[in-house]
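Here the structure comes first, spelled out in structure tokens, and everything after it is commentary.
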Amino acid sequence: MRAYSQYGARLTAARPMRSIGAIRLTACILCLSAPLSASPAQTLTNALQAALQNDLDWLGAQEGATAAAESDEQAKALFRPKARLVARAGFTDFTARVTLPAPVQDIDRLHISGSSLAGSVQIAQPLIDGEASAEKRRLRAAARSGEAERGEVRQKIILKVASAYFAVLSARDTIAAAEALKQAAEREARAAQARFDAGRARITDVREAQAEAYRAAAQLVSAQIENSTSTARFEAMTGSKAVNLQTFRDDAALYPPLEPQAYWQDLAQRSSYRIAIQNYQLDSAVAYADSLGWLSRMKLEASGTYEVRDVSGRTSIASIDRYSGYMAGVQLTMPIYSGGALESRQRQAQALARRAQRQLESVRQDVRLEVGRAYTQWTGSVQQAEALRLSLDAALLREKAALTSHELGMRTQADVLAAIAQVIQIRFELQTLFRQYMINRLALYAAAGKLHEEQLTEIEKYMTD
């Protein structure tokens, strides 16, 4: 909006005979451009930090990453020893055929009957477990994916905050431009009326200036509505008032990316969060498919059990109060036949893994195209800025010529208003292009997976204090 303030000041110097009207125009624009309070400027970085405290997507991503981190702990526990305590209570009644030596060889049956209480400690150590190995890979992929998803959400919030910040600036620039055009048209209408009353102008000059003022007034109302909408969106996002926002300096120098497009595309293939997330999903799908293989279903574990049992009862030959003992050994488990269910799950998992591979290839292609688009838009905005600056120089010359020619009776009132409107419009387009240039920069960093707060700090160097 400083551009419109400078425009008003320059117009005053160019037309001293109408200095009062120009001063009123300048004062009006300066009021629009002035800070709303004496508090420090609200920077992009400050707005981002405020948004991170309020944005529900970010808060959800934080919790998602915390939950995903637990998958890593679960993966570590898969091959650790497992121990459990087992307690049992019940009634026992069974008979066993036995062969006993003399002198009790006439006893051929052993009968045990009574209630019992038992407690045991069981320990198992996995030695070979293909299914657990595959599950470990899947869990680690889930943990990495949660962290990548948080990074992707953070990048989106940075872009969203910057867009909302610039949208408020754009709406206020639109108000300033419409107000400047309205004030200029009203001033010209008053001057045309005075000339008409003195017999030095036509009534059409008055009507043209009045029509332009009414049109500018309608644009001003529309701009005020857009400003209210943009301001409300920004305040809802950040939880803070949209006051003292920084604007872009008029002398800001725009430059294209220093590295070639191929560099950014290669960087994106290595660093893009979207690619990383899809890569982890592929790893998870492949791990699941591997867990269903026949060799993965084989399990070998070392185990040991120590048990103590109290028995309230008798046997056919003696009473038993307590007995204890332990067992140690290894256990091998391997499925032989599953009725076809396991084979079906294998085919299903392999198809899902192939689908994940295709999706990864698609995401890689999308990211490459996204980088190319952002790169082209960045470089294009620099070229557009140069063209607009040249156009502004030409428009200023045209306006000066129109003002001079109008004083000499060689240009109409419509010519003067058109020249003024063109200068205001080009200044507005140049400010809009500055904002779009910054968005294009951020978009390229985001596509490459390298968008952080540092990029906002760099943009703040282009803005007023």
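By order in the structure tokens, chains are A, B, ...; within a chain, residues start at 1; ligands start at 1, following the order shown.
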
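Close contacts of Ala87 in chain A, defined as residues with an atom at most 10 Å away when counting only C-alpha atoms, with chain neighbours fewer than 4 positions off set aside, comprise A:Leu117, A:Ala118, A:Gly119, A:Ser120, A:Val121, A:Glu307, A:Val308, A:Arg309.
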
Spatial neighbours of Ser284 in chain A, 10 Å, only C-alpha atoms, chain gap at least 6 places, as a compact mmCIF listing (two decimals) with N, CA and C atoms, in the first residue's frame:
```
# COMPACT_ATOMS: atom_id res chain seq x y z
N ALA A 134 9.27 -59.88 9.62
CA ALA A 134 8.50 -59.06 8.68
C ALA A 134 7.68 -58.01 9.42
N GLU A 135 7.12 -58.39 10.55
CA GLU A 135 6.34 -57.44 11.35
C GLU A 135 7.24 -56.32 11.88
N LYS A 136 8.48 -56.65 12.20
CA LYS A 136 9.42 -55.63 12.65
C LYS A 136 9.67 -54.60 11.55
N ARG A 137 9.83 -55.05 10.32
CA ARG A 137 10.00 -54.12 9.19
C ARG A 137 8.76 -53.26 9.02
N ARG A 138 7.59 -53.87 9.14
CA ARG A 138 6.35 -53.12 8.95
C ARG A 138 6.18 -52.05 10.03
N LEU A 139 6.49 -52.40 11.27
CA LEU A 139 6.35 -51.44 12.36
C LEU A 139 7.32 -50.28 12.21
N ARG A 140 8.54 -50.57 11.80
CA ARG A 140 9.50 -49.49 11.61
C ARG A 140 9.10 -48.58 10.45
N ALA A 141 8.53 -49.16 9.40
CA ALA A 141 8.02 -48.34 8.30
C ALA A 141 6.89 -47.44 8.78
N ALA A 142 6.03 -47.97 9.65
CA ALA A 142 4.92 -47.17 10.19
C ALA A 142 5.44 -46.01 11.03
N SER A 145 6.84 -43.43 8.66
CA SER A 145 5.75 -42.81 7.92
C SER A 145 5.05 -41.75 8.77
N GLN A 278 4.89 -42.61 0.70
CA GLN A 278 4.52 -43.72 -0.18
C GLN A 278 5.57 -44.82 -0.15
N ASP A 290 5.80 -60.68 2.74
CA ASP A 290 6.86 -61.61 3.16
C ASP A 290 6.45 -62.41 4.39
N ALA A 353 1.13 -55.24 -2.65
CA ALA A 353 2.49 -54.72 -2.74
C ALA A 353 2.76 -54.15 -4.13
N ALA A 356 1.09 -50.81 -4.35
CA ALA A 356 1.87 -49.79 -3.65
C ALA A 356 3.06 -49.33 -4.48
```

Run DSSP on the backbone and give me the residues of range 152-259 of chain A it puts in helix (DSSP H, G or I), as a PDB file with C-alpha atoms, in the first residue's frame.
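File result_4.pdb, as written:
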```
ATOM      1  CA  GLU A 152       4.152 -32.905   5.208  1.00  0.00           C
ATOM      2  CA  VAL A 153       1.438 -31.358   7.382  1.00  0.00           C
ATOM      3  CA  ARG A 154       3.884 -28.739   8.682  1.00  0.00           C
ATOM      4  CA  GLN A 155       4.773 -27.735   5.125  1.00  0.00           C
ATOM      5  CA  LYS A 156       1.088 -27.379   4.264  1.00  0.00           C
ATOM      6  CA  ILE A 157       0.556 -25.161   7.298  1.00  0.00           C
ATOM      7  CA  ILE A 158       3.462 -22.923   6.298  1.00  0.00           C
ATOM      8  CA  LEU A 159       1.949 -22.510   2.834  1.00  0.00           C
ATOM      9  CA  LYS A 160      -1.516 -21.972   4.299  1.00  0.00           C
ATOM     10  CA  VAL A 161      -0.314 -19.303   6.728  1.00  0.00           C
ATOM     11  CA  ALA A 162       1.665 -17.482   4.037  1.00  0.00           C
ATOM     12  CA  SER A 163      -1.328 -17.558   1.675  1.00  0.00           C
ATOM     13  CA  ALA A 164      -3.655 -16.230   4.385  1.00  0.00           C
ATOM     14  CA  TYR A 165      -1.147 -13.527   5.358  1.00  0.00           C
ATOM     15  CA  PHE A 166      -0.748 -12.404   1.752  1.00  0.00           C
ATOM     16  CA  ALA A 167      -4.508 -12.578   1.162  1.00  0.00           C
ATOM     17  CA  VAL A 168      -5.014  -9.943   3.860  1.00  0.00           C
ATOM     18  CA  LEU A 169      -2.332  -7.762   2.266  1.00  0.00           C
ATOM     19  CA  SER A 170      -3.951  -8.236  -1.134  1.00  0.00           C
ATOM     20  CA  ALA A 171      -7.379  -7.242   0.166  1.00  0.00           C
ATOM     21  CA  ARG A 172      -5.970  -4.134   1.813  1.00  0.00           C
ATOM     22  CA  ASP A 173      -4.068  -3.222  -1.334  1.00  0.00           C
ATOM     23  CA  THR A 174      -7.312  -3.593  -3.259  1.00  0.00           C
ATOM     24  CA  ILE A 175      -9.019  -1.237  -0.813  1.00  0.00           C
ATOM     25  CA  ALA A 176      -6.185   1.269  -1.126  1.00  0.00           C
ATOM     26  CA  ALA A 177      -6.265   1.092  -4.930  1.00  0.00           C
ATOM     27  CA  ALA A 178     -10.045   1.477  -5.058  1.00  0.00           C
ATOM     28  CA  GLU A 179      -9.922   4.343  -2.559  1.00  0.00           C
ATOM     29  CA  ALA A 180      -7.177   6.063  -4.537  1.00  0.00           C
ATOM     30  CA  LEU A 181      -9.143   5.737  -7.764  1.00  0.00           C
ATOM     31  CA  LYS A 182     -12.336   6.914  -6.051  1.00  0.00           C
ATOM     32  CA  GLN A 183     -10.627   9.971  -4.567  1.00  0.00           C
ATOM     33  CA  ALA A 184      -9.005  10.799  -7.891  1.00  0.00           C
ATOM     34  CA  ALA A 185     -12.308  10.457  -9.749  1.00  0.00           C
ATOM     35  CA  GLU A 186     -14.167  12.584  -7.192  1.00  0.00           C
ATOM     36  CA  ARG A 187     -11.466  15.229  -7.367  1.00  0.00           C
ATOM     37  CA  GLU A 188     -11.609  15.258 -11.152  1.00  0.00           C
ATOM     38  CA  ALA A 189     -15.413  15.407 -11.004  1.00  0.00           C
ATOM     39  CA  ARG A 190     -15.268  18.492  -8.783  1.00  0.00           C
ATOM     40  CA  ALA A 191     -12.722  20.116 -11.036  1.00  0.00           C
ATOM     41  CA  ALA A 192     -14.811  19.293 -14.121  1.00  0.00           C
ATOM     42  CA  GLN A 193     -17.899  20.755 -12.442  1.00  0.00           C
ATOM     43  CA  ALA A 194     -15.990  23.949 -11.670  1.00  0.00           C
ATOM     44  CA  ARG A 195     -14.807  24.219 -15.270  1.00  0.00           C
ATOM     45  CA  PHE A 196     -18.316  23.520 -16.532  1.00  0.00           C
ATOM     46  CA  ASP A 197     -19.738  26.242 -14.283  1.00  0.00           C
ATOM     47  CA  ILE A 203     -21.184  18.402 -19.134  1.00  0.00           C
ATOM     48  CA  THR A 204     -19.965  15.041 -20.452  1.00  0.00           C
ATOM     49  CA  ASP A 205     -16.658  15.620 -18.651  1.00  0.00           C
ATOM     50  CA  VAL A 206     -18.551  15.949 -15.388  1.00  0.00           C
ATOM     51  CA  ARG A 207     -20.660  12.857 -16.045  1.00  0.00           C
ATOM     52  CA  GLU A 208     -17.614  10.760 -17.008  1.00  0.00           C
ATOM     53  CA  ALA A 209     -15.788  11.695 -13.825  1.00  0.00           C
ATOM     54  CA  GLN A 210     -18.873  11.018 -11.704  1.00  0.00           C
ATOM     55  CA  ALA A 211     -19.392   7.618 -13.364  1.00  0.00           C
ATOM     56  CA  GLU A 212     -15.780   6.691 -12.662  1.00  0.00           C
ATOM     57  CA  ALA A 213     -16.199   7.733  -9.033  1.00  0.00           C
ATOM     58  CA  TYR A 214     -19.324   5.582  -8.667  1.00  0.00           C
ATOM     59  CA  ARG A 215     -17.555   2.616 -10.245  1.00  0.00           C
ATOM     60  CA  ALA A 216     -14.610   3.049  -7.875  1.00  0.00           C
ATOM     61  CA  ALA A 217     -17.018   3.261  -4.933  1.00  0.00           C
ATOM     62  CA  ALA A 218     -18.569  -0.066  -5.958  1.00  0.00           C
ATOM     63  CA  GLN A 219     -15.105  -1.611  -6.222  1.00  0.00           C
ATOM     64  CA  LEU A 220     -14.284  -0.261  -2.780  1.00  0.00           C
ATOM     65  CA  VAL A 221     -17.314  -1.975  -1.237  1.00  0.00           C
ATOM     66  CA  SER A 222     -16.345  -5.262  -2.882  1.00  0.00           C
ATOM     67  CA  ALA A 223     -12.767  -4.869  -1.646  1.00  0.00           C
ATOM     68  CA  GLN A 224     -13.956  -4.201   1.897  1.00  0.00           C
ATOM     69  CA  ILE A 225     -16.029  -7.392   1.852  1.00  0.00           C
ATOM     70  CA  GLU A 226     -13.018  -9.381   0.642  1.00  0.00           C
ATOM     71  CA  ASN A 227     -10.872  -7.772   3.322  1.00  0.00           C
ATOM     72  CA  SER A 228     -13.336  -8.826   6.018  1.00  0.00           C
ATOM     73  CA  THR A 229     -13.321 -12.397   4.716  1.00  0.00           C
ATOM     74  CA  SER A 230      -9.516 -12.590   4.450  1.00  0.00           C
ATOM     75  CA  THR A 231      -9.045 -11.035   7.868  1.00  0.00           C
ATOM     76  CA  ALA A 232     -11.487 -13.445   9.497  1.00  0.00           C
ATOM     77  CA  ARG A 233      -9.744 -16.424   7.872  1.00  0.00           C
ATOM     78  CA  PHE A 234      -6.321 -15.248   9.046  1.00  0.00           C
ATOM     79  CA  GLU A 235      -7.496 -14.569  12.596  1.00  0.00           C
ATOM     80  CA  ALA A 236      -9.246 -17.940  12.830  1.00  0.00           C
ATOM     81  CA  MET A 237      -6.086 -19.670  11.639  1.00  0.00           C
ATOM     82  CA  THR A 238      -3.635 -17.881  13.924  1.00  0.00           C
TER      83      THR A 238
END
```

Mind listing the strand (DSSP E) residues of range 93-282 of chain A, per DSSP on the backbone, as JSON, numbers by chain? {"A": [93, 94, 95, 96, 97, 109, 110, 111, 112, 113, 114, 115, 116, 117, 118, 119, 120, 121, 122, 123, 124, 125, 126, 127, 128, 129]}

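The space between CA of Leu444 in chain A and CA of Arg274 in chain A spans 13.8 Å.
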
Give me the residues near Glu149 in chain A as a ChimeraX atom specification, where near means some atom within 9 Å (using only C-alpha atoms) and where sequence neighbours in that chain fewer than 5 positions away do not count. /A:61,64-65,144,154,273-274,276-277

Neighbours of range 449-460 of chain A within 8 Å (only C-alpha atoms; same-chain residues fewer than 2 positions away dropped), as a PDB file with C-alpha atoms, in the first residue's frame?
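Heads up, here's the output in part14.pdb:
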```pdb
ATOM      1  CA  THR A  43       5.823 -11.160  10.901  1.00  0.00           C
ATOM      2  CA  LEU A  44       5.196 -14.291   8.883  1.00  0.00           C
ATOM      3  CA  THR A  45       7.189 -16.300  11.397  1.00  0.00           C
ATOM      4  CA  GLU A 152       4.152 -32.905   5.208  1.00  0.00           C
ATOM      5  CA  GLN A 155       4.773 -27.735   5.125  1.00  0.00           C
ATOM      6  CA  ILE A 158       3.462 -22.923   6.298  1.00  0.00           C
ATOM      7  CA  ALA A 268      12.567 -33.748  -4.483  1.00  0.00           C
ATOM      8  CA  SER A 271      13.541 -35.385   0.162  1.00  0.00           C
ATOM      9  CA  SER A 272       9.857 -35.114  -0.734  1.00  0.00           C
ATOM     10  CA  TYR A 273       7.622 -36.094   2.162  1.00  0.00           C
ATOM     11  CA  MET A 438       6.875 -15.462  -2.666  1.00  0.00           C
ATOM     12  CA  LEU A 442       7.553 -21.515  -0.966  1.00  0.00           C
ATOM     13  CA  TYR A 445      10.654 -25.636  -1.495  1.00  0.00           C
ATOM     14  CA  ALA A 446       7.552 -27.556  -0.394  1.00  0.00           C
ATOM     15  CA  ALA A 447       7.567 -29.737  -3.516  1.00  0.00           C
ATOM     16  CA  TYR A 462      11.746  -8.269   1.422  1.00  0.00           C
ATOM     17  CA  MET A 463       9.214  -6.693   3.767  1.00  0.00           C
ATOM     18  CA  THR A 464       8.969  -3.513   5.791  1.00  0.00           C
TER      19      THR A 464
END
```

Would you work out the distance separating CA of Ala395 in chain A from CA of Thr379 in chain A, expressed in Å to one decimal? 24.4 Å

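Neighbouring residues of Gln384 in chain A at 9 Å or closer, counting only C-alpha atoms and skipping chain neighbours under 5 positions away, are Thr379, Arg389, Leu430 and Leu433 of chain A.
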
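With distances restricted to only C-alpha atoms, A:Ala448 is the closest residue to Asp366 in chain A from A:Leu56, A:Met334, A:Ala143, A:Ala448.
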
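We find CA of Phe434 in chain A and CA of Ala385 in chain A to be spaced 7.8 Å apart.
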
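Closest approach to Arg441 in chain A among A:Val416, A:Trp264, A:Lys400, A:Gly340: A:Trp264, based on only C-alpha atoms.
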
For Ala289 in chain A, work out the shell of residues within 8 Å, counting only C-alpha atoms and skipping chain neighbours fewer than 2 positions away, then give it as a PyMOL selection string. chain A and resi 285-287+291-293+346+349-350+353

Just-selected residues, N, CA and C atoms written as a CSV table (one decimal), in the first residue's frame:
```
chain,number,residue,atom,x,y,z
A,285,ALA,N,3.8,-52.9,2.9
A,285,ALA,CA,3.1,-53.9,2.0
A,285,ALA,C,4.0,-55.0,1.7
A,286,VAL,N,5.2,-54.8,1.4
A,286,VAL,CA,6.2,-55.9,1.0
A,286,VAL,C,6.4,-56.7,2.3
A,287,ALA,N,6.6,-56.1,3.4
A,287,ALA,CA,6.8,-56.8,4.7
A,287,ALA,C,5.7,-57.7,5.0
A,291,SER,N,5.7,-61.8,5.3
A,291,SER,CA,5.3,-62.5,6.5
A,291,SER,C,4.4,-63.7,6.2
A,292,LEU,N,3.8,-63.7,5.0
A,292,LEU,CA,2.9,-64.8,4.7
A,292,LEU,C,3.5,-66.0,3.9
A,293,GLY,N,4.8,-65.8,3.7
A,293,GLY,CA,5.6,-66.9,3.0
A,293,GLY,C,5.7,-68.1,3.9
A,346,GLN,N,-1.5,-64.8,0.6
A,346,GLN,CA,-0.2,-64.5,0.0
A,346,GLN,C,-0.5,-63.8,-1.4
A,349,ALA,N,-1.7,-60.3,-0.7
A,349,ALA,CA,-0.7,-59.4,-0.2
A,349,ALA,C,0.3,-59.0,-1.3
A,350,GLN,N,0.6,-59.9,-2.2
A,350,GLN,CA,1.5,-59.6,-3.3
A,350,GLN,C,0.9,-58.6,-4.2
A,353,ALA,N,1.1,-55.2,-2.7
A,353,ALA,CA,2.5,-54.7,-2.7
A,353,ALA,C,2.8,-54.2,-4.1
```

Which residues, written as a ChimeraX atom specification, have at least one atom at most 12 Å from Leu300 in chain A, with only C-alpha atoms counted and residues fewer than 2 positions away on the same chain left out? /A:79,124-132,295-298,302-303,329-334

Between A:Met327, A:Ala419, A:Ala402, A:Ala41, which has the minimum distance to Val243 in chain A (counting only C-alpha atoms)? A:Ala41

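Among the candidates A:Gly304, A:Gly409, A:Gly239, A:Gly372, the one nearest to Ala83 in chain A when counting only C-alpha atoms is A:Gly304.
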